[in-house]
Amino acid sequence: MRRFSPQLSFLQYFTLALIILISFAGRPVEESSRKKNLTWLQQHKEAAKTTVLLNNQKGFLPIKDLSQKIASINLGATFGPQFDSLLNKYTFVTSFAASGFDNDSLFNRLQDELKFYQTVIVQLPEAALQDDVKRAFLEQLQQTKHLVLAVYGKQSALSNADIFTAPMIWVEKETPITAQFAAQAIFGGVPVTGKLDKSYSAKYQKGAGSLTKATRLKYSIPEEVGINAADLEQPIDAIVAEAIQQQATPGAVVMVVKDGKVIFNKAYGHHTYGKSRLTQITDIYDLASITKISATTMAVMQLYDQKHVNLTSTLGSYIPSARNTSKANLTIKDILLHQSGLPAGVNLPVLAKDAQKTPSELYTVQAGDSLFLRKDYYKEVMWPRMLQAKMATPGKYVYSDITMYLIKEVVERQAQEPLDALVQERFYRPLGMQTAGFLPLQRFDKNRIVPTEDDTYFRKSLLQGYVHDGGAARLGGVSGHAGLFSTANDMAILYQMMLNRGTYGGVEYFKPTTVDLFTAKQSAVSRRGLGFDRWDPDSAKGYPSKLASPATYGHTGYTGTCVWVDPAQNLVYIFLSNRVHPKVSNKLLSLNIRPRIQDAIYAAIKKGTPTALNQ
């Protein structure tokens, strides 16, 4: 047996012993977590085999229309919270508990509460189908609403369901995993492939069962895509902990989507260094320049598909006030590529006559809690200054926020609709995105919105729910280059749609060729796509990460955010933070936090192996 060298000091012995102790202490926890996840996978696989979708001849499931009002009612299911939690990943669903209801009066009252809902999802154990009062309630719903049933129990009880024509997901076992599976099946997060193995009634015969495909995100675990959860979680935890410890940001949310499955979604730290509020995965962040691709560029893409915008047309052809200026002949393509000759920025002074602390008939543009600009400020100050801005060299790459001020004008003129309303109506609402949008204080509690900078210069207050970017603030919070707020989950939905080349939930938002065009390298002088930032071929830069593929596209945000899509790995990576709180710091950049996390994701993928579930 080999002995320790007598030359080692006590400190060296102690350090070595500590390393050994830590390694052995961590291993059982990691092994336990791995075992738990593999058990989950097996149970999930069993749920997939035993779940059957009946009465779906009209193809109502998976639900396509997420703009409607949807309710969920629990008639005695054990794992209602797990079921409802998954439903609400896809769209806002209002939950009603009715498990204790035992008379017509209570159900009639519930019917009154449901009058504004178009679709009602009811989860129940099969025993409830034998209750006359509950059956009568369900029959009434079937006549007046789009009813969806999620039933748990032995298939031999199907004879009690002959009266129902509504789509019905039947699951044999009632567990948290089967509840989650059923919820995801309703919205297309998982496919349904099961069929009845025998006949149970004249209606439900052997071989019955509709097959569906996955059309939306699935919420899963790393092991389903062949990744050991510890290989993903441990390095990401360490990198974010370093960022918080070094005060690069007080908190963050990291999300990873692989192969259409959300395999990592974790919140870290707090809203502020005062640690008064823990960060949650449902927190809403100021996305800063991610607005450029998540709002303005997507609006252009749709208008391009509709032939309302031509990339080779000039700014002057769309905007009359630009025709007698140096901006008249700039093409839409060159503007989107940041190589039209537009300068990086322009001075936008706010004089005493331009602002006051309270709103009035003339001062209607709210830039902060106590700052209101005059309603003509944009028309009389901002827009003329942008049109008169001194041009740089055309054909040279200059990253410029002015690009998206101009493109916003093109979008709104061609769509005949304000940008904020346009993206809500055409993208966010139908996709099921519940938080993404401009002006979040009009829609959400302030505490859900992560604060950014303590602005001591312009607005003289802590910015929480007001856009961080000063130019966007001068527009009242709605601009083409900044102003969008969102959770990580909403960004995952949006960029899974992009990864799907324009389709999500069975709806086409863009032609596949349009997604390919806008996200591909388009310039001889930069790495850029049309609106989108891309992978940099200069390996020394390691941008957006050392291990990203050349197909990678996305964008970063000044507030400390990024979204990157890598089609080669079928991957979406989202990082949200408020690195500008309480004041602007470059530590997130100098510590290389975002790229290192991205590299850790690639390393975990490379280390992983396919699982039985994917084979």
# chains A, B, ... in the order shown; residues from 1 in each chain; ligands from 1

call {"tool": "select_by_dssp", "arguments": {"residues": "segment 21-142 of chain A", "states": "strand (DSSP E)", "output": "VMD selection string"}}
result
chain A and resid 52 to 54 70 to 74 93 to 97 119 to 125

call {"tool": "write_last_selection", "arguments": {"atoms": "all heavy atoms", "output": "compact mmCIF listing (two decimals), in the first residue's frame"}}
result
# COMPACT_ATOMS: atom_id res chain seq x y z
N VAL A 52 -54.49 7.32 -24.11
CA VAL A 52 -55.26 7.20 -25.35
C VAL A 52 -56.10 8.47 -25.53
O VAL A 52 -56.67 8.99 -24.57
CB VAL A 52 -56.18 5.97 -25.30
CG1 VAL A 52 -56.95 5.82 -26.61
CG2 VAL A 52 -55.39 4.71 -25.02
N LEU A 53 -56.16 8.95 -26.75
CA LEU A 53 -56.99 10.11 -27.09
C LEU A 53 -58.21 9.62 -27.87
O LEU A 53 -58.08 9.05 -28.96
CB LEU A 53 -56.20 11.13 -27.91
CG LEU A 53 -56.99 12.32 -28.47
CD1 LEU A 53 -57.68 13.11 -27.37
CD2 LEU A 53 -56.07 13.22 -29.28
N LEU A 54 -59.39 9.85 -27.33
CA LEU A 54 -60.64 9.39 -27.93
C LEU A 54 -61.52 10.58 -28.33
O LEU A 54 -61.34 11.69 -27.83
CB LEU A 54 -61.39 8.49 -26.95
CG LEU A 54 -60.58 7.25 -26.47
CD1 LEU A 54 -61.23 6.64 -25.24
CD2 LEU A 54 -60.44 6.25 -27.60
N ILE A 70 -59.60 30.09 -21.76
CA ILE A 70 -59.62 28.67 -21.44
C ILE A 70 -59.69 28.49 -19.93
O ILE A 70 -58.98 29.16 -19.17
CB ILE A 70 -58.37 27.96 -21.99
CG1 ILE A 70 -58.30 28.14 -23.52
CG2 ILE A 70 -58.38 26.47 -21.64
CD1 ILE A 70 -57.05 27.57 -24.15
N ALA A 71 -60.55 27.57 -19.48
CA ALA A 71 -60.69 27.27 -18.06
C ALA A 71 -60.31 25.82 -17.81
O ALA A 71 -60.46 24.96 -18.68
CB ALA A 71 -62.12 27.52 -17.60
N SER A 72 -59.85 25.55 -16.58
CA SER A 72 -59.56 24.18 -16.15
C SER A 72 -60.35 23.91 -14.87
O SER A 72 -60.29 24.69 -13.92
CB SER A 72 -58.07 24.01 -15.89
OG SER A 72 -57.80 22.76 -15.28
N ILE A 73 -61.08 22.79 -14.86
CA ILE A 73 -61.90 22.42 -13.70
C ILE A 73 -61.43 21.07 -13.16
O ILE A 73 -61.25 20.12 -13.93
CB ILE A 73 -63.39 22.34 -14.07
CG1 ILE A 73 -63.87 23.71 -14.54
CG2 ILE A 73 -64.22 21.87 -12.88
CD1 ILE A 73 -65.29 23.68 -15.08
N ASN A 74 -61.25 21.00 -11.86
CA ASN A 74 -60.86 19.75 -11.22
C ASN A 74 -62.07 19.14 -10.53
O ASN A 74 -62.60 19.70 -9.58
CB ASN A 74 -59.74 20.01 -10.21
CG ASN A 74 -59.18 18.73 -9.62
OD1 ASN A 74 -59.75 17.65 -9.81
ND2 ASN A 74 -58.07 18.83 -8.92
N VAL A 93 -54.43 29.82 -18.36
CA VAL A 93 -55.60 29.00 -18.11
C VAL A 93 -56.10 29.27 -16.69
O VAL A 93 -55.33 29.18 -15.74
CB VAL A 93 -55.27 27.50 -18.28
CG1 VAL A 93 -56.49 26.64 -17.95
CG2 VAL A 93 -54.79 27.21 -19.70
N THR A 94 -57.36 29.61 -16.55
CA THR A 94 -57.93 29.90 -15.24
C THR A 94 -58.42 28.60 -14.60
O THR A 94 -59.17 27.84 -15.21
CB THR A 94 -59.12 30.87 -15.36
OG1 THR A 94 -58.69 32.04 -16.06
CG2 THR A 94 -59.62 31.28 -13.98
N SER A 95 -58.00 28.35 -13.35
CA SER A 95 -58.33 27.11 -12.67
C SER A 95 -59.53 27.27 -11.74
O SER A 95 -59.65 28.28 -11.02
CB SER A 95 -57.13 26.62 -11.86
OG SER A 95 -56.02 26.40 -12.71
N PHE A 96 -60.40 26.27 -11.74
CA PHE A 96 -61.55 26.22 -10.84
C PHE A 96 -61.55 24.86 -10.14
O PHE A 96 -61.45 23.82 -10.80
CB PHE A 96 -62.87 26.38 -11.61
CG PHE A 96 -63.03 27.71 -12.29
CD1 PHE A 96 -62.57 27.89 -13.59
CD2 PHE A 96 -63.65 28.76 -11.64
CE1 PHE A 96 -62.73 29.11 -14.23
CE2 PHE A 96 -63.81 29.99 -12.27
CZ PHE A 96 -63.35 30.17 -13.56
N ALA A 97 -61.67 24.86 -8.81
CA ALA A 97 -61.76 23.61 -8.05
C ALA A 97 -63.21 23.29 -7.79
O ALA A 97 -63.96 24.11 -7.26
CB ALA A 97 -61.01 23.74 -6.73
N THR A 119 -63.30 27.44 -24.13
CA THR A 119 -62.88 26.05 -23.96
C THR A 119 -62.76 25.74 -22.48
O THR A 119 -62.19 26.54 -21.71
CB THR A 119 -61.54 25.78 -24.67
OG1 THR A 119 -61.72 25.88 -26.09
CG2 THR A 119 -60.99 24.39 -24.34
N VAL A 120 -63.28 24.59 -22.08
CA VAL A 120 -63.21 24.16 -20.68
C VAL A 120 -62.56 22.78 -20.63
O VAL A 120 -63.03 21.83 -21.26
CB VAL A 120 -64.60 24.12 -20.02
CG1 VAL A 120 -64.49 23.63 -18.58
CG2 VAL A 120 -65.26 25.49 -20.08
N ILE A 121 -61.48 22.69 -19.88
CA ILE A 121 -60.77 21.42 -19.69
C ILE A 121 -61.15 20.88 -18.32
O ILE A 121 -61.02 21.59 -17.31
CB ILE A 121 -59.24 21.64 -19.77
CG1 ILE A 121 -58.85 22.23 -21.13
CG2 ILE A 121 -58.49 20.33 -19.52
CD1 ILE A 121 -57.43 22.79 -21.17
N VAL A 122 -61.61 19.65 -18.27
CA VAL A 122 -62.03 19.05 -17.01
C VAL A 122 -61.18 17.81 -16.73
O VAL A 122 -61.10 16.90 -17.56
CB VAL A 122 -63.52 18.67 -17.03
CG1 VAL A 122 -63.92 18.05 -15.68
CG2 VAL A 122 -64.39 19.89 -17.33
N GLN A 123 -60.54 17.78 -15.57
CA GLN A 123 -59.78 16.60 -15.15
C GLN A 123 -60.56 15.90 -14.04
O GLN A 123 -61.09 16.55 -13.13
CB GLN A 123 -58.39 17.02 -14.67
CG GLN A 123 -58.39 18.18 -13.69
CD GLN A 123 -57.03 18.51 -13.16
OE1 GLN A 123 -56.24 17.61 -12.88
NE2 GLN A 123 -56.73 19.78 -13.00
N LEU A 124 -60.64 14.57 -14.11
CA LEU A 124 -61.47 13.83 -13.16
C LEU A 124 -61.05 12.36 -13.11
O LEU A 124 -60.54 11.82 -14.09
CB LEU A 124 -62.94 13.93 -13.56
CG LEU A 124 -63.37 13.28 -14.88
CD1 LEU A 124 -64.87 13.01 -14.85
CD2 LEU A 124 -63.05 14.16 -16.09
N PRO A 125 -61.27 11.73 -11.96
CA PRO A 125 -61.09 10.27 -11.88
C PRO A 125 -62.30 9.60 -12.54
O PRO A 125 -63.40 10.18 -12.59
CB PRO A 125 -61.05 10.00 -10.38
CG PRO A 125 -61.85 11.11 -9.78
CD PRO A 125 -61.64 12.31 -10.66

call {"tool": "residues_around", "arguments": {"residues": "segment 576-587 of chain A", "least_positions_apart": "6", "cutoff": "7 Å", "atoms": "only C-alpha atoms", "output": "number ranges by chain"}}
result
A: 248-249, 251-254, 285, 452-454, 559-562

call {"tool": "residues_around", "arguments": {"residues": "segment 545-555 of chain A", "least_positions_apart": "6", "cutoff": "9 Å", "atoms": "only C-alpha atoms", "output": "PyMOL selection string"}}
result
chain A and resi 289-290+292-293+519-521+528-529+532-537+539+561-569+594-599+602-603

call {"tool": "closest_atom_pairs", "arguments": {"of": "segment 246-344 of chain A", "to": "segment 423-441 of chain A", "cutoff": "8 Å", "atoms": "only C-alpha atoms", "output": "tab-separated table"}}
result
residue	atom	partner	partner_atom	distance
A:Ile284	CA	A:Thr435	CA	7.3
A:Ala295	CA	A:Val423	CA	6.2
A:Ala299	CA	A:Val423	CA	6.9

call {"tool": "write_last_selection", "arguments": {"atoms": "C-alpha atoms", "output": "PDB file, in the first residue's frame"}}
result
ATOM      1  CA  ILE A 284     -40.128  39.632 -16.298  1.00  0.00           C
ATOM      2  CA  ALA A 295     -40.395  42.423 -32.330  1.00  0.00           C
ATOM      3  CA  ALA A 299     -42.680  42.181 -38.107  1.00  0.00           C
TER       4      ALA A 299
END

call {"tool": "closest_residue", "arguments": {"among": "A:Ala392, A:Leu351, A:Glu113, A:Trp170", "to": "Tyr377 of chain A", "atoms": "only C-alpha atoms"}}
result
A:Leu351

call {"tool": "select_by_dssp", "arguments": {"residues": "segment 240-460 of chain A", "states": "alpha helix (DSSP H)", "output": "number ranges by chain"}}
result
A: 240-245, 290-291, 297-305, 315-318, 332-336, 377, 383-388, 402-415, 419-423, 429-431

call {"tool": "atom_distance", "arguments": {"atom1": "atom CA of Ser210 of chain A", "atom2": "atom CA of Lys64 of chain A"}}
result
16.2 Å

call {"tool": "residues_around", "arguments": {"residues": "Asp104 of chain A", "least_positions_apart": "6", "cutoff": "12 Å", "atoms": "only C-alpha atoms", "output": "JSON, numbers by chain"}}
result
{"A": [98, 110, 111, 131, 132, 133, 134, 135, 136, 137, 138, 140]}

call {"tool": "write_last_selection", "arguments": {"atoms": "all heavy atoms", "output": "JSON list (two decimals), in the first residue's frame"}}
result
[["chain", "number", "residue", "atom", "x", "y", "z"],
["A", 98, "ALA", "N", -63.63, 22.09, -8.19],
["A", 98, "ALA", "CA", -65.03, 21.70, -7.99],
["A", 98, "ALA", "C", -65.13, 20.29, -7.45],
["A", 98, "ALA", "O", -66.17, 19.65, -7.57],
["A", 98, "ALA", "CB", -65.78, 21.82, -9.31],
["A", 110, "LEU", "N", -71.12, 27.55, -10.95],
["A", 110, "LEU", "CA", -69.87, 27.43, -11.71],
["A", 110, "LEU", "C", -70.12, 27.70, -13.19],
["A", 110, "LEU", "O", -69.29, 28.35, -13.86],
["A", 110, "LEU", "CB", -69.29, 26.03, -11.51],
["A", 110, "LEU", "CG", -67.97, 25.72, -12.23],
["A", 110, "LEU", "CD1", -66.90, 26.74, -11.87],
["A", 110, "LEU", "CD2", -67.49, 24.31, -11.89],
["A", 111, "GLN", "N", -71.24, 27.25, -13.70],
["A", 111, "GLN", "CA", -71.59, 27.55, -15.10],
["A", 111, "GLN", "C", -71.64, 29.05, -15.35],
["A", 111, "GLN", "O", -71.21, 29.53, -16.40],
["A", 111, "GLN", "CB", -72.96, 26.93, -15.43],
["A", 111, "GLN", "CG", -72.94, 25.42, -15.57],
["A", 111, "GLN", "CD", -72.65, 24.97, -17.00],
["A", 111, "GLN", "OE1", -72.03, 25.70, -17.77],
["A", 111, "GLN", "NE2", -73.06, 23.76, -17.32],
["A", 131, "ASP", "N", -71.20, 9.53, -11.25],
["A", 131, "ASP", "CA", -71.96, 10.47, -10.43],
["A", 131, "ASP", "C", -72.95, 11.21, -11.32],
["A", 131, "ASP", "O", -72.55, 11.93, -12.24],
["A", 131, "ASP", "CB", -70.99, 11.44, -9.74],
["A", 131, "ASP", "CG", -71.67, 12.38, -8.78],
["A", 131, "ASP", "OD1", -72.58, 13.11, -9.21],
["A", 131, "ASP", "OD2", -71.29, 12.40, -7.60],
["A", 132, "ASP", "N", -74.24, 11.07, -11.07],
["A", 132, "ASP", "CA", -75.27, 11.66, -11.93],
["A", 132, "ASP", "C", -75.17, 13.18, -12.01],
["A", 132, "ASP", "O", -75.38, 13.77, -13.08],
["A", 132, "ASP", "CB", -76.66, 11.26, -11.43],
["A", 132, "ASP", "CG", -76.94, 9.78, -11.63],
["A", 132, "ASP", "OD1", -76.27, 9.16, -12.48],
["A", 132, "ASP", "OD2", -77.83, 9.23, -10.92],
["A", 133, "VAL", "N", -74.86, 13.82, -10.89],
["A", 133, "VAL", "CA", -74.78, 15.29, -10.88],
["A", 133, "VAL", "C", -73.60, 15.76, -11.73],
["A", 133, "VAL", "O", -73.73, 16.70, -12.53],
["A", 133, "VAL", "CB", -74.64, 15.81, -9.43],
["A", 133, "VAL", "CG1", -74.45, 17.33, -9.43],
["A", 133, "VAL", "CG2", -75.88, 15.44, -8.62],
["A", 134, "LYS", "N", -72.46, 15.09, -11.57],
["A", 134, "LYS", "CA", -71.27, 15.48, -12.35],
["A", 134, "LYS", "C", -71.47, 15.18, -13.83],
["A", 134, "LYS", "O", -71.06, 15.96, -14.70],
["A", 134, "LYS", "CB", -70.04, 14.76, -11.80],
["A", 134, "LYS", "CG", -69.60, 15.23, -10.42],
["A", 134, "LYS", "CD", -68.31, 14.53, -9.99],
["A", 134, "LYS", "CE", -67.78, 15.07, -8.66],
["A", 134, "LYS", "NZ", -68.64, 14.75, -7.52],
["A", 135, "ARG", "N", -72.09, 14.04, -14.14],
["A", 135, "ARG", "CA", -72.35, 13.70, -15.54],
["A", 135, "ARG", "C", -73.27, 14.74, -16.20],
["A", 135, "ARG", "O", -73.05, 15.15, -17.34],
["A", 135, "ARG", "CB", -72.99, 12.31, -15.63],
["A", 135, "ARG", "CG", -72.00, 11.17, -15.51],
["A", 135, "ARG", "CD", -72.73, 9.84, -15.27],
["A", 135, "ARG", "NE", -73.60, 9.50, -16.38],
["A", 135, "ARG", "CZ", -73.22, 8.75, -17.42],
["A", 135, "ARG", "NH1", -71.99, 8.29, -17.48],
["A", 135, "ARG", "NH2", -74.08, 8.45, -18.38],
["A", 136, "ALA", "N", -74.27, 15.18, -15.46],
["A", 136, "ALA", "CA", -75.19, 16.19, -16.00],
["A", 136, "ALA", "C", -74.46, 17.50, -16.27],
["A", 136, "ALA", "O", -74.69, 18.17, -17.29],
["A", 136, "ALA", "CB", -76.34, 16.42, -15.03],
["A", 137, "PHE", "N", -73.56, 17.86, -15.34],
["A", 137, "PHE", "CA", -72.76, 19.08, -15.51],
["A", 137, "PHE", "C", -71.89, 18.97, -16.76],
["A", 137, "PHE", "O", -71.81, 19.91, -17.58],
["A", 137, "PHE", "CB", -71.91, 19.30, -14.26],
["A", 137, "PHE", "CG", -70.85, 20.36, -14.40],
["A", 137, "PHE", "CD1", -71.19, 21.69, -14.56],
["A", 137, "PHE", "CD2", -69.50, 20.03, -14.37],
["A", 137, "PHE", "CE1", -70.22, 22.68, -14.68],
["A", 137, "PHE", "CE2", -68.52, 21.00, -14.48],
["A", 137, "PHE", "CZ", -68.89, 22.32, -14.65],
["A", 138, "LEU", "N", -71.24, 17.83, -16.95],
["A", 138, "LEU", "CA", -70.38, 17.64, -18.11],
["A", 138, "LEU", "C", -71.18, 17.64, -19.41],
["A", 138, "LEU", "O", -70.72, 18.18, -20.43],
["A", 138, "LEU", "CB", -69.60, 16.33, -17.96],
["A", 138, "LEU", "CG", -68.57, 16.29, -16.82],
["A", 138, "LEU", "CD1", -67.97, 14.90, -16.68],
["A", 138, "LEU", "CD2", -67.47, 17.32, -17.03],
["A", 140, "GLN", "N", -73.89, 19.33, -19.96],
["A", 140, "GLN", "CA", -74.22, 20.72, -20.24],
["A", 140, "GLN", "C", -73.02, 21.46, -20.85],
["A", 140, "GLN", "O", -73.17, 22.23, -21.80],
["A", 140, "GLN", "CB", -74.68, 21.42, -18.96],
["A", 140, "GLN", "CG", -76.05, 20.98, -18.47],
["A", 140, "GLN", "CD", -76.44, 21.63, -17.15],
["A", 140, "GLN", "OE1", -75.67, 22.39, -16.58],
["A", 140, "GLN", "NE2", -77.63, 21.31, -16.67]]

call {"tool": "closest_residue", "arguments": {"among": "A:Asp84, A:Asp305, A:Glu174, A:Asp112", "to": "Tyr509 of chain A", "atoms": "only C-alpha atoms"}}
result
A:Asp305

call {"tool": "closest_residue", "arguments": {"among": "A:Ile449, A:Glu46, A:Arg474, A:Gln280", "to": "Tyr363 of chain A", "atoms": "only C-alpha atoms"}}
result
A:Arg474

call {"tool": "closest_residue", "arguments": {"among": "A:Asp401, A:Glu380, A:Glu361, A:Glu412", "to": "Val346 of chain A", "atoms": "only C-alpha atoms"}}
result
A:Asp401

call {"tool": "atom_distance", "arguments": {"atom1": "atom CA of Lys49 of chain A", "atom2": "atom CA of Ala230 of chain A"}}
result
28.0 Å

call {"tool": "decode", "arguments": {"residues": "segment 291-312 of chain A", "atoms": "N, CA, C and O atoms", "output": "PDB file, in the first residue's frame"}}
result
ATOM      1  N   THR A 291     -35.151  43.182 -28.402  1.00  0.00           N
ATOM      2  CA  THR A 291     -36.335  43.765 -29.049  1.00  0.00           C
ATOM      3  C   THR A 291     -36.150  43.815 -30.560  1.00  0.00           C
ATOM      4  O   THR A 291     -37.109  43.605 -31.317  1.00  0.00           O
ATOM      5  N   LYS A 292     -34.933  44.104 -30.997  1.00  0.00           N
ATOM      6  CA  LYS A 292     -34.664  44.256 -32.437  1.00  0.00           C
ATOM      7  C   LYS A 292     -35.090  43.024 -33.228  1.00  0.00           C
ATOM      8  O   LYS A 292     -35.660  43.135 -34.318  1.00  0.00           O
ATOM      9  N   ILE A 293     -34.797  41.837 -32.662  1.00  0.00           N
ATOM     10  CA  ILE A 293     -35.119  40.621 -33.404  1.00  0.00           C
ATOM     11  C   ILE A 293     -36.459  40.014 -32.983  1.00  0.00           C
ATOM     12  O   ILE A 293     -37.098  39.323 -33.773  1.00  0.00           O
ATOM     13  N   SER A 294     -36.891  40.253 -31.751  1.00  0.00           N
ATOM     14  CA  SER A 294     -38.097  39.607 -31.227  1.00  0.00           C
ATOM     15  C   SER A 294     -39.370  40.377 -31.539  1.00  0.00           C
ATOM     16  O   SER A 294     -40.461  39.842 -31.372  1.00  0.00           O
ATOM     17  N   ALA A 295     -39.229  41.613 -31.977  1.00  0.00           N
ATOM     18  CA  ALA A 295     -40.395  42.423 -32.330  1.00  0.00           C
ATOM     19  C   ALA A 295     -40.234  42.967 -33.751  1.00  0.00           C
ATOM     20  O   ALA A 295     -40.900  42.517 -34.683  1.00  0.00           O
ATOM     21  N   THR A 296     -39.321  43.902 -33.934  1.00  0.00           N
ATOM     22  CA  THR A 296     -39.230  44.640 -35.194  1.00  0.00           C
ATOM     23  C   THR A 296     -38.863  43.754 -36.371  1.00  0.00           C
ATOM     24  O   THR A 296     -39.514  43.792 -37.423  1.00  0.00           O
ATOM     25  N   THR A 297     -37.807  42.947 -36.217  1.00  0.00           N
ATOM     26  CA  THR A 297     -37.384  42.098 -37.340  1.00  0.00           C
ATOM     27  C   THR A 297     -38.457  41.086 -37.696  1.00  0.00           C
ATOM     28  O   THR A 297     -38.701  40.802 -38.880  1.00  0.00           O
ATOM     29  N   MET A 298     -39.125  40.526 -36.683  1.00  0.00           N
ATOM     30  CA  MET A 298     -40.187  39.554 -36.980  1.00  0.00           C
ATOM     31  C   MET A 298     -41.355  40.204 -37.705  1.00  0.00           C
ATOM     32  O   MET A 298     -41.976  39.589 -38.577  1.00  0.00           O
ATOM     33  N   ALA A 299     -41.636  41.452 -37.377  1.00  0.00           N
ATOM     34  CA  ALA A 299     -42.680  42.181 -38.107  1.00  0.00           C
ATOM     35  C   ALA A 299     -42.280  42.363 -39.568  1.00  0.00           C
ATOM     36  O   ALA A 299     -43.106  42.187 -40.476  1.00  0.00           O
ATOM     37  N   VAL A 300     -41.007  42.680 -39.795  1.00  0.00           N
ATOM     38  CA  VAL A 300     -40.509  42.824 -41.168  1.00  0.00           C
ATOM     39  C   VAL A 300     -40.611  41.491 -41.910  1.00  0.00           C
ATOM     40  O   VAL A 300     -41.007  41.441 -43.082  1.00  0.00           O
ATOM     41  N   MET A 301     -40.261  40.410 -41.243  1.00  0.00           N
ATOM     42  CA  MET A 301     -40.307  39.085 -41.868  1.00  0.00           C
ATOM     43  C   MET A 301     -41.717  38.749 -42.351  1.00  0.00           C
ATOM     44  O   MET A 301     -41.900  38.237 -43.461  1.00  0.00           O
ATOM     45  N   GLN A 302     -42.705  39.034 -41.524  1.00  0.00           N
ATOM     46  CA  GLN A 302     -44.076  38.741 -41.932  1.00  0.00           C
ATOM     47  C   GLN A 302     -44.516  39.643 -43.072  1.00  0.00           C
ATOM     48  O   GLN A 302     -45.173  39.192 -44.029  1.00  0.00           O
ATOM     49  N   LEU A 303     -44.160  40.924 -43.000  1.00  0.00           N
ATOM     50  CA  LEU A 303     -44.504  41.850 -44.086  1.00  0.00           C
ATOM     51  C   LEU A 303     -43.785  41.467 -45.372  1.00  0.00           C
ATOM     52  O   LEU A 303     -44.331  41.640 -46.475  1.00  0.00           O
ATOM     53  N   TYR A 304     -42.586  40.936 -45.257  1.00  0.00           N
ATOM     54  CA  TYR A 304     -41.844  40.438 -46.420  1.00  0.00           C
ATOM     55  C   TYR A 304     -42.589  39.249 -47.033  1.00  0.00           C
ATOM     56  O   TYR A 304     -42.753  39.166 -48.251  1.00  0.00           O
ATOM     57  N   ASP A 305     -43.059  38.325 -46.189  1.00  0.00           N
ATOM     58  CA  ASP A 305     -43.835  37.181 -46.673  1.00  0.00           C
ATOM     59  C   ASP A 305     -45.098  37.636 -47.403  1.00  0.00           C
ATOM     60  O   ASP A 305     -45.517  37.017 -48.399  1.00  0.00           O
ATOM     61  N   GLN A 306     -45.703  38.696 -46.902  1.00  0.00           N
ATOM     62  CA  GLN A 306     -46.957  39.211 -47.466  1.00  0.00           C
ATOM     63  C   GLN A 306     -46.728  40.156 -48.644  1.00  0.00           C
ATOM     64  O   GLN A 306     -47.674  40.719 -49.190  1.00  0.00           O
ATOM     65  N   LYS A 307     -45.440  40.337 -48.988  1.00  0.00           N
ATOM     66  CA  LYS A 307     -45.031  41.226 -50.089  1.00  0.00           C
ATOM     67  C   LYS A 307     -45.396  42.689 -49.839  1.00  0.00           C
ATOM     68  O   LYS A 307     -45.618  43.458 -50.773  1.00  0.00           O
ATOM     69  N   HIS A 308     -45.452  43.059 -48.563  1.00  0.00           N
ATOM     70  CA  HIS A 308     -45.672  44.462 -48.202  1.00  0.00           C
ATOM     71  C   HIS A 308     -44.352  45.200 -47.979  1.00  0.00           C
ATOM     72  O   HIS A 308     -44.339  46.430 -47.888  1.00  0.00           O
ATOM     73  N   VAL A 309     -43.269  44.451 -47.861  1.00  0.00           N
ATOM     74  CA  VAL A 309     -41.938  45.036 -47.716  1.00  0.00           C
ATOM     75  C   VAL A 309     -40.992  44.311 -48.665  1.00  0.00           C
ATOM     76  O   VAL A 309     -40.962  43.079 -48.706  1.00  0.00           O
ATOM     77  N   ASN A 310     -40.234  45.091 -49.412  1.00  0.00           N
ATOM     78  CA  ASN A 310     -39.217  44.555 -50.320  1.00  0.00           C
ATOM     79  C   ASN A 310     -37.851  44.955 -49.783  1.00  0.00           C
ATOM     80  O   ASN A 310     -37.604  46.137 -49.524  1.00  0.00           O
ATOM     81  N   LEU A 311     -36.967  43.996 -49.629  1.00  0.00           N
ATOM     82  CA  LEU A 311     -35.670  44.272 -49.018  1.00  0.00           C
ATOM     83  C   LEU A 311     -34.811  45.205 -49.858  1.00  0.00           C
ATOM     84  O   LEU A 311     -33.923  45.884 -49.326  1.00  0.00           O
ATOM     85  N   THR A 312     -35.023  45.237 -51.148  1.00  0.00           N
ATOM     86  CA  THR A 312     -34.214  46.115 -51.999  1.00  0.00           C
ATOM     87  C   THR A 312     -34.845  47.484 -52.197  1.00  0.00           C
ATOM     88  O   THR A 312     -34.248  48.355 -52.838  1.00  0.00           O
TER      89      THR A 312
END
